[in-house]
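What follows is target_21.cif (mmCIF, C-alpha atoms).
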```cif
data_coords
#
loop_
_atom_site.label_atom_id
_atom_site.label_comp_id
_atom_site.auth_asym_id
_atom_site.auth_seq_id
_atom_site.Cartn_x
_atom_site.Cartn_y
_atom_site.Cartn_z
CA MET A 1 118.47 98.41 128.96
CA LEU A 2 116.60 95.45 127.53
CA SER A 3 113.56 94.37 129.49
CA PHE A 4 115.13 90.90 129.74
CA PHE A 5 116.87 92.29 132.83
CA LYS A 6 113.78 93.93 134.33
CA ARG A 7 111.92 90.73 135.04
CA LYS A 8 112.82 87.55 136.85
CA LYS A 9 113.37 84.68 134.45
CA THR A 10 113.01 81.01 135.08
CA VAL A 11 115.85 78.74 134.12
CA ASP A 12 113.83 77.39 131.21
CA GLU A 13 112.74 80.76 129.85
CA ASP A 14 114.07 81.35 126.34
CA ILE A 15 115.88 84.57 125.52
CA LYS A 16 115.15 85.34 121.90
CA SER A 17 114.73 88.22 119.49
CA THR A 18 111.15 89.12 118.61
CA GLY A 19 111.57 91.31 115.51
CA SER A 20 112.04 90.45 111.86
CA GLU A 21 115.19 91.01 109.81
CA ASN A 22 115.19 93.34 106.80
CA ALA A 23 118.28 93.75 104.63
CA VAL A 24 119.11 96.11 101.77
CA SER A 25 122.00 96.38 99.34
CA ALA A 26 124.80 98.59 100.61
CA LYS A 27 124.96 100.19 97.16
CA ASP A 28 121.37 101.36 97.56
CA LEU A 29 121.85 102.73 101.08
CA LEU A 30 125.39 104.07 101.31
CA ASN A 31 127.28 106.61 99.26
CA LEU A 32 130.56 104.74 99.05
CA GLY A 33 131.44 105.57 95.48
CA GLY A 34 130.63 102.02 94.47
CA VAL A 35 130.77 98.95 96.62
CA GLU A 36 132.40 96.01 94.89
CA SER A 37 131.77 92.50 96.05
CA GLU A 38 134.71 90.34 96.90
CA GLY A 39 134.42 86.62 96.42
CA ASP A 40 131.35 84.52 95.89
CA PRO A 41 128.07 86.52 95.78
CA GLU A 42 126.37 83.46 97.27
CA GLU A 43 128.72 83.45 100.25
CA GLU A 44 127.08 83.49 103.67
CA VAL A 45 128.50 86.18 105.94
CA ASP A 46 128.28 85.84 109.71
CA THR A 47 128.48 89.09 111.65
CA GLU A 48 130.52 89.53 114.82
CA LEU A 49 129.06 91.44 117.76
CA SER A 50 130.33 95.01 118.09
CA ILE A 51 129.35 97.07 121.13
CA HIS A 52 129.44 100.86 120.76
CA PRO A 53 132.67 102.10 122.42
CA ASP A 54 130.71 104.63 124.48
CA TRP A 55 128.41 101.98 125.91
CA ASN A 56 129.19 100.71 129.38
CA ILE A 57 126.93 97.71 129.85
CA PRO A 58 126.94 94.89 132.40
CA GLN A 59 128.66 91.67 131.41
CA GLU A 60 125.33 89.84 131.59
CA GLN A 61 123.77 92.15 129.00
CA GLU A 62 126.75 91.77 126.69
CA TYR A 63 126.35 88.01 127.03
CA VAL A 64 122.70 88.27 125.97
CA PHE A 65 123.60 90.43 122.97
CA ARG A 66 126.28 87.93 121.98
CA PHE A 67 123.86 85.03 122.34
CA LEU A 68 121.18 86.77 120.25
CA ASN A 69 123.69 87.79 117.60
CA ASN A 70 124.93 84.21 117.28
CA GLU A 71 121.35 83.12 116.61
CA LEU A 72 121.00 85.43 113.57
CA SER A 73 121.01 84.08 110.03
CA PRO A 74 124.02 84.94 107.86
CA LEU A 75 123.83 87.87 105.45
CA LYS A 76 124.72 87.92 101.79
CA PRO A 77 127.82 89.93 100.81
CA ASP A 78 127.48 93.73 100.79
CA GLU A 79 124.25 93.96 102.74
CA ILE A 80 123.11 96.27 105.52
CA SER A 81 120.41 94.85 107.74
CA LEU A 82 118.18 95.75 110.66
CA SER A 83 117.38 92.78 112.87
CA GLY A 84 114.77 93.43 115.55
CA ILE A 85 115.65 92.38 119.09
CA GLU A 86 112.84 93.71 121.25
CA ILE A 87 110.00 96.23 121.16
CA VAL A 88 108.68 97.93 124.30
CA LYS A 89 105.70 100.30 124.49
CA ASN A 90 104.70 102.88 127.03
CA GLU A 91 102.08 105.63 126.90
CA ARG A 92 104.34 108.02 125.01
CA GLN A 93 106.87 105.96 123.06
CA VAL A 94 107.66 102.77 121.23
CA VAL A 95 111.27 101.75 121.92
CA CYS A 96 112.77 99.31 119.42
CA SER A 97 116.07 97.54 120.05
CA ALA A 98 117.73 96.13 116.94
CA PHE A 99 121.05 94.97 115.55
CA VAL A 100 122.46 97.15 112.78
CA ARG A 101 124.36 94.57 110.73
CA SER A 102 126.89 94.95 107.94
CA SER A 103 128.42 92.25 105.76
CA ILE A 104 130.74 94.75 104.04
CA ASN A 105 134.50 94.19 104.16
CA GLN A 106 135.19 97.70 105.40
CA THR A 107 134.21 99.98 108.26
CA ILE A 108 131.08 102.00 107.51
CA GLU A 109 129.15 104.91 108.96
CA ILE A 110 125.48 105.37 108.07
CA GLY A 111 124.20 108.93 107.92
CA THR A 112 120.72 110.33 108.34
CA THR A 113 118.09 108.00 106.94
CA THR A 114 114.41 107.19 107.34
CA LEU A 115 113.43 103.98 109.12
CA LEU A 116 110.06 102.30 108.88
CA LEU A 117 108.42 100.55 111.80
CA ILE A 118 106.52 97.75 110.11
CA GLY A 119 104.02 95.06 111.02
CA GLU A 120 102.49 92.32 108.94
CA ASN A 121 101.73 93.90 105.53
CA GLU A 122 101.48 97.40 107.02
CA VAL A 123 103.61 100.34 108.01
CA TYR A 124 103.11 101.40 111.63
CA GLY A 125 105.15 104.56 111.24
CA ARG A 126 108.34 106.18 110.01
CA LYS A 127 110.98 108.47 111.42
CA GLU A 128 114.23 110.03 110.28
CA PHE A 129 117.21 108.97 112.40
CA ASP A 130 120.77 110.25 112.56
CA LEU A 131 122.53 106.91 112.33
CA THR A 132 125.95 108.44 112.81
CA LYS A 133 125.07 107.95 116.48
CA VAL A 134 125.38 104.21 115.89
CA GLY A 135 129.07 104.94 115.32
CA HIS A 136 131.56 103.39 112.93
CA ILE A 137 130.52 99.81 112.30
CA PRO A 138 133.51 97.48 111.77
CA PRO A 139 133.66 95.08 108.81
CA ARG A 140 131.26 92.15 108.98
CA SER A 141 129.82 93.13 112.32
CA SER A 142 126.56 93.62 114.17
CA ARG A 143 125.91 96.52 116.54
CA PRO A 144 122.89 96.76 118.89
CA PHE A 145 121.11 100.10 119.11
CA GLN A 146 117.81 101.60 120.24
CA PHE A 147 115.31 103.50 118.09
CA VAL A 148 112.52 105.51 119.68
CA PHE A 149 109.24 106.29 117.90
CA GLU A 150 106.79 108.77 119.42
CA GLN A 151 103.08 109.00 118.68
CA GLN A 152 103.66 111.74 116.11
CA ASP A 153 105.80 109.28 114.10
CA LEU A 154 103.07 106.62 113.99
CA TYR A 155 99.95 106.11 111.89
CA LYS A 156 98.01 104.37 114.64
CA PRO A 157 97.80 104.65 118.42
CA ILE A 158 100.72 103.24 120.37
CA SER A 159 98.31 100.85 122.09
CA ALA A 160 97.45 99.33 118.69
CA ILE A 161 101.05 98.50 117.72
CA ASP A 162 101.47 94.72 117.58
CA THR A 163 104.55 93.71 119.57
CA GLU A 164 104.35 90.13 118.31
CA ILE A 165 104.79 90.97 114.60
CA TRP A 166 107.14 93.88 113.97
CA GLY A 167 110.37 94.94 112.38
CA LEU A 168 112.49 97.89 111.29
CA ALA A 169 113.38 98.58 107.67
CA PHE A 170 115.34 101.18 105.74
CA GLN A 171 113.30 103.44 103.47
CA LEU A 172 115.43 103.79 100.37
CA GLN A 173 115.39 107.02 98.38
CA SER A 174 114.23 105.68 95.05
CA GLU A 175 113.79 107.78 91.97
CA SER A 176 111.06 110.36 92.27
CA GLN A 177 107.71 109.48 90.79
CA ASP A 178 104.79 111.62 89.70
CA HIS A 179 102.34 112.10 92.55
CA SER A 180 98.92 110.84 91.44
CA LEU A 181 95.31 110.90 92.59
CA ASP A 182 93.91 107.77 94.24
CA LEU A 183 90.12 107.79 94.62
CA ALA A 184 88.33 105.41 96.95
CA GLU A 185 85.79 103.20 95.18
CA SER A 186 82.88 105.20 96.63
CA TRP A 187 84.36 108.46 95.34
CA GLU A 188 85.16 106.94 91.95
CA ARG A 189 81.57 105.80 91.65
CA THR A 190 79.77 108.96 92.77
CA LEU A 191 82.06 111.84 91.82
CA ALA A 192 81.27 113.59 88.55
CA ASP A 193 83.95 113.54 85.86
CA GLU A 194 84.18 117.33 86.08
CA ASP A 195 84.93 117.16 89.80
CA LYS A 196 87.51 114.43 89.25
CA GLU A 197 89.25 116.68 86.76
CA LYS A 198 89.20 119.56 89.26
CA LEU A 199 90.88 117.36 91.85
CA LYS A 200 93.56 116.33 89.37
CA ASN A 201 94.20 119.96 88.46
CA MET A 202 94.40 120.89 92.13
CA LEU A 203 96.87 118.08 92.78
CA SER A 204 99.13 119.22 89.96
CA SER A 205 99.10 122.81 91.24
CA ILE A 206 100.20 122.16 94.84
CA THR A 207 103.63 121.25 96.16
CA PRO A 208 103.83 117.46 96.64
CA PRO A 209 104.84 116.10 100.04
CA LYS A 210 108.49 115.52 100.76
CA PRO A 211 109.76 111.93 100.53
CA GLY A 212 108.39 109.98 103.48
CA GLU A 213 106.04 112.82 104.51
CA ILE A 214 102.30 112.57 105.14
CA GLN A 215 100.54 115.84 104.35
CA LEU A 216 96.96 117.09 104.74
CA VAL A 217 95.56 119.64 102.28
CA GLY A 218 92.11 121.19 102.66
CA ILE A 219 89.78 120.91 99.67
CA GLN A 220 86.40 122.20 100.83
CA SER A 221 84.49 123.00 104.01
CA LYS A 222 80.77 123.58 104.49
CA PHE A 223 77.92 123.33 106.95
CA MET A 224 75.36 120.65 106.18
CA ASP A 225 71.61 121.11 106.55
CA ASN A 226 71.67 119.38 109.94
CA GLY A 227 74.25 121.83 111.29
CA LYS A 228 77.20 119.45 111.05
CA LEU A 229 80.52 120.72 109.68
CA GLN A 230 81.97 118.74 106.77
CA VAL A 231 85.57 119.22 105.70
CA SER A 232 87.05 117.51 102.65
CA ILE A 233 90.77 116.84 102.93
CA LEU A 234 93.40 115.50 100.56
CA ILE A 235 95.57 112.99 102.44
CA GLN A 236 98.95 112.92 100.70
CA ASN A 237 101.39 110.04 101.05
CA GLY A 238 104.90 111.03 100.00
CA SER A 239 106.48 107.67 100.82
CA GLN A 240 107.28 104.70 98.63
CA GLN A 241 105.13 102.44 100.82
CA ASN A 242 101.35 102.06 101.07
CA ILE A 243 100.05 103.22 104.43
CA LYS A 244 96.88 102.44 106.37
CA LEU A 245 95.28 104.92 108.74
CA GLN A 246 93.13 103.49 111.50
CA GLN A 247 92.20 106.79 113.08
CA LEU A 248 92.93 110.47 112.62
CA PRO A 249 92.46 113.24 115.20
CA LEU A 250 91.70 116.59 113.56
CA VAL A 251 91.54 120.25 114.55
CA VAL A 252 89.86 122.84 112.30
CA GLU A 253 90.68 126.55 112.39
CA ASP A 254 88.62 129.20 110.61
CA ALA A 255 89.68 132.54 109.08
CA SER A 256 90.12 134.04 112.55
CA GLY A 257 92.78 131.46 113.40
CA GLU A 258 90.63 130.12 116.22
CA ILE A 259 89.87 126.43 116.68
CA VAL A 260 86.26 125.87 115.64
CA ALA A 261 86.07 122.06 115.69
CA GLN A 262 88.07 119.22 117.17
CA GLY A 263 87.56 115.46 117.22
CA GLY A 264 88.88 112.02 116.32
CA PHE A 265 87.82 109.88 113.37
CA VAL A 266 87.95 106.09 113.02
CA LEU A 267 89.03 105.26 109.47
CA GLU A 268 89.05 101.43 109.55
CA ASP A 269 92.39 100.96 107.78
CA LEU A 270 91.96 103.67 105.15
CA GLU A 271 94.74 102.89 102.68
CA ILE A 272 96.68 105.59 100.85
CA LYS A 273 98.90 104.06 98.20
CA ALA A 274 102.54 105.02 97.79
CA ASN A 275 103.10 108.42 96.17
CA THR A 276 99.38 109.19 95.91
CA SER A 277 96.79 111.54 97.40
CA LYS A 278 93.35 110.42 98.52
CA PRO A 279 90.43 112.81 99.23
CA TRP A 280 88.25 112.05 102.24
CA ASN A 281 85.31 113.68 104.02
CA PHE A 282 85.31 114.31 107.77
CA VAL A 283 82.03 115.32 109.42
CA PHE A 284 82.03 117.07 112.80
CA PRO A 285 78.71 116.82 114.68
CA THR A 286 77.54 119.96 116.46
CA SER A 287 78.81 118.53 119.75
CA LEU A 288 82.40 118.77 118.45
CA LEU A 289 82.11 122.41 117.38
CA THR A 290 83.95 124.73 119.74
CA LYS A 291 82.46 127.94 118.36
CA ASP A 292 78.93 129.06 117.55
CA PRO A 293 78.26 128.17 113.87
CA SER A 294 77.02 131.71 113.17
CA GLU A 295 80.46 133.03 114.16
CA ILE A 296 82.52 130.54 112.14
CA ASP A 297 84.14 132.10 109.06
CA LEU A 298 85.04 129.44 106.48
CA SER A 299 86.33 131.88 103.88
CA GLN A 300 89.74 130.61 104.98
CA TRP A 301 90.35 127.49 107.03
CA ARG A 302 92.81 124.71 107.71
CA ALA A 303 92.71 121.26 109.30
CA TYR A 304 95.57 119.46 110.98
CA PRO A 305 96.29 116.79 113.62
CA PRO A 306 96.55 118.31 117.11
CA GLN A 307 99.96 118.62 118.71
CA GLN A 308 100.66 115.83 121.17
#
```
Representation of the structure as structure tokens:
Amino acid sequence: MLSFFKRKKTVDEDIKSTGSENAVSAKDLLNLGGVESEGDPEEEVDTELSIHPDWNIPQEQEYVFRFLNNELSPLKPDEISLSGIEIVKNERQVVCSAFVRSSINQTIEIGTTTLLLIGENEVYGRKEFDLTKVGHIPPRSSRPFQFVFEQQDLYKPISAIDTEIWGLAFQLQSESQDHSLDLAESWERTLADEDKEKLKNMLSSITPPKPGEIQLVGIQSKFMDNGKLQVSILIQNGSQQNIKLQQLPLVVEDASGEIVAQGGFVLEDLEIKANTSKPWNFVFPTSLLTKDPSEIDLSQWRAYPPQQ
């Protein structure tokens, strides 16, 4: 249920959608064996409200959906769009309500696809959704639905998600591209050419992340003279969008399989470009070590975000 109905409204309070609208070509999203436009490509297509047949909602809520749908801008022919209605956060989830809109002249069903939760010039997170649950969308119609993102789907804490500037967007499966190395300016400046070449060779020898996947690959681990543990990690971005990481919690296991270090790192919007891998150093002070350094075996190790 929309939070419109969970608070008392004054007569003058406006009911309005808060999210942006993001449309894609139906040809790029759906496997329809070719979608041919009918009529003027510059035609403006209004979409009629369509409530899922399994939904049993109060008349007042249907009225609000109808009002919000009537406020939407027309689509161009043969577009599929996500128009944000409302975003609600709690400690564990971000719940996004949005209209799934179609300007196609036929009933459609969208399969499994990846959606991006976006802000202003940044991607908050991504998640794969089975959109068959939205049901069969009639021609030229608009169907409200809810999309739930959990912390594991997000690149920043739930508390840091801006509810004033947000939207949902389809992540299209574009042609695969070669995964490349992206060095931060400080690494580019200080790393020897030989070490840069080693990183490139390493990158070419490992399996790239799946489309839309963020992957961590260990490069090197060592104890520093002051007793701190430094791990170098390759952060791999398998999506077609640049991402920014504000913070990253990490757990390190040694050859024994035991956790030897655990902590969170503030990254200050560390950007990993689309389809690239960026190496980064993470230093654990002695206070974050969970095992005596003399007993830590770094002959084999791995680092990963802790399970929520």
Show which residues sit within 9 Å of Glu48 of chain A, as a ChimeraX atom specification. Count only C-alpha atoms, and ignore same-chain residues fewer than 3 positions away. /A:66,69-70,101,139-143
Counting all atoms listed in the file, which residues sit no farther than 12 Å from the position (89.3, 121.8, 116.0) in the file's frame? I'd like them as a PyMOL selection string. chain A and resi 229+231+249-254+257-264+282-291+296+301-307
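Take the candidates A:Lys127, A:Lys76, A:Leu154, A:Leu203 and check each one against Ser180 of chain A using only C-alpha atoms; the shortest distance goes to A:Leu203.
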Find the residue from A:Pro41, A:Leu181, A:Arg126, A:Gln236 that sits nearest to Lys210 of chain A; use only C-alpha atoms when measuring. A:Gln236
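For segment 115-125 of chain A, the list of residues within 6 Å, based on only C-alpha atoms and with local chain neighbours fewer than 2 positions off taken out, reads Lys127, Asp153, Leu154, Tyr155, Ile165, Trp166, Gly167, Leu168, Ala169, Phe170, Gln171 and Ile243 of chain A.
Minimum atom-to-atom distances from A:Thr47, A:Ser221, A:Asn281, A:Ser25 to Pro144 of chain A were compared using only C-alpha atoms, and the lowest value belongs to A:Thr47.
For the pair atom CA of Ser73 of chain A and atom CA of Asp46 of chain A, the interatomic distance is 7.5 Å.
Taking only C-alpha atoms into account, Ile87 of chain A lies nearest to A:Glu164 out of the set A:Asp182, A:Glu197, A:Glu268, A:Glu164.
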Do you know which residues lie at most 10 Å from (115.0, 101.1, 121.8), with coordinates as in the file and only C-alpha atoms counted, and could you write them as a PDB file with C-alpha atoms, in the frame of the given file?
```
ATOM      1  CA  MET A   1     118.470  98.410 128.960  1.00  0.00           C
ATOM      2  CA  LEU A   2     116.600  95.450 127.530  1.00  0.00           C
ATOM      3  CA  GLY A  84     114.770  93.430 115.550  1.00  0.00           C
ATOM      4  CA  ILE A  85     115.650  92.380 119.090  1.00  0.00           C
ATOM      5  CA  GLU A  86     112.840  93.710 121.250  1.00  0.00           C
ATOM      6  CA  ILE A  87     110.000  96.230 121.160  1.00  0.00           C
ATOM      7  CA  VAL A  88     108.680  97.930 124.300  1.00  0.00           C
ATOM      8  CA  LYS A  89     105.700 100.300 124.490  1.00  0.00           C
ATOM      9  CA  GLN A  93     106.870 105.960 123.060  1.00  0.00           C
ATOM     10  CA  VAL A  94     107.660 102.770 121.230  1.00  0.00           C
ATOM     11  CA  VAL A  95     111.270 101.750 121.920  1.00  0.00           C
ATOM     12  CA  CYS A  96     112.770  99.310 119.420  1.00  0.00           C
ATOM     13  CA  SER A  97     116.070  97.540 120.050  1.00  0.00           C
ATOM     14  CA  ALA A  98     117.730  96.130 116.940  1.00  0.00           C
ATOM     15  CA  PRO A 144     122.890  96.760 118.890  1.00  0.00           C
ATOM     16  CA  PHE A 145     121.110 100.100 119.110  1.00  0.00           C
ATOM     17  CA  GLN A 146     117.810 101.600 120.240  1.00  0.00           C
ATOM     18  CA  PHE A 147     115.310 103.500 118.090  1.00  0.00           C
ATOM     19  CA  VAL A 148     112.520 105.510 119.680  1.00  0.00           C
ATOM     20  CA  PHE A 149     109.240 106.290 117.900  1.00  0.00           C
TER      21      PHE A 149
END
```
Computed gap from atom CA of Ser50 of chain A to atom CA of Leu30 of chain A is 19.7 Å
Could you check how far atom CA of Met224 of chain A sits from atom CA of Leu267 of chain A, in Å to one decimal? 20.8 Å
Using all atoms listed in the file, which residues sit within 9 Å of segment 186-192 of chain A once same-chain residues fewer than 3 positions away are excluded, as a ChimeraX atom specification? /A:183,195-197,279-280
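Of the listed residues (A:Val100, A:Ile206, A:Leu172, A:Val266), A:Val100 comes nearest to Ser83 of chain A; the distances count only C-alpha atoms.
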Near-Ile108 of chain A list (8 Å; all atoms listed in the file; drop same-chain fewer than 3 positions) as a ChimeraX atom specification: /A:136-139
Which residues would end up in the selection if the PyMOL selection byres ((chain A and resi 277) around 12) were applied here, given that I need the answer as an NGL selection string? :A and (178-184 or 199-200 or 202-204 or 206-209 or 213-219 or 233-239 or 242-243 or 271-276 or 278-280)
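Residue neighbourhood of Glu79 of chain A, excluding near-sequence residues (fewer than 6 positions): Val24, Ser25, Ala26, Ser102 and Ser103 of chain A, at 6 Å, using all atoms listed in the file.
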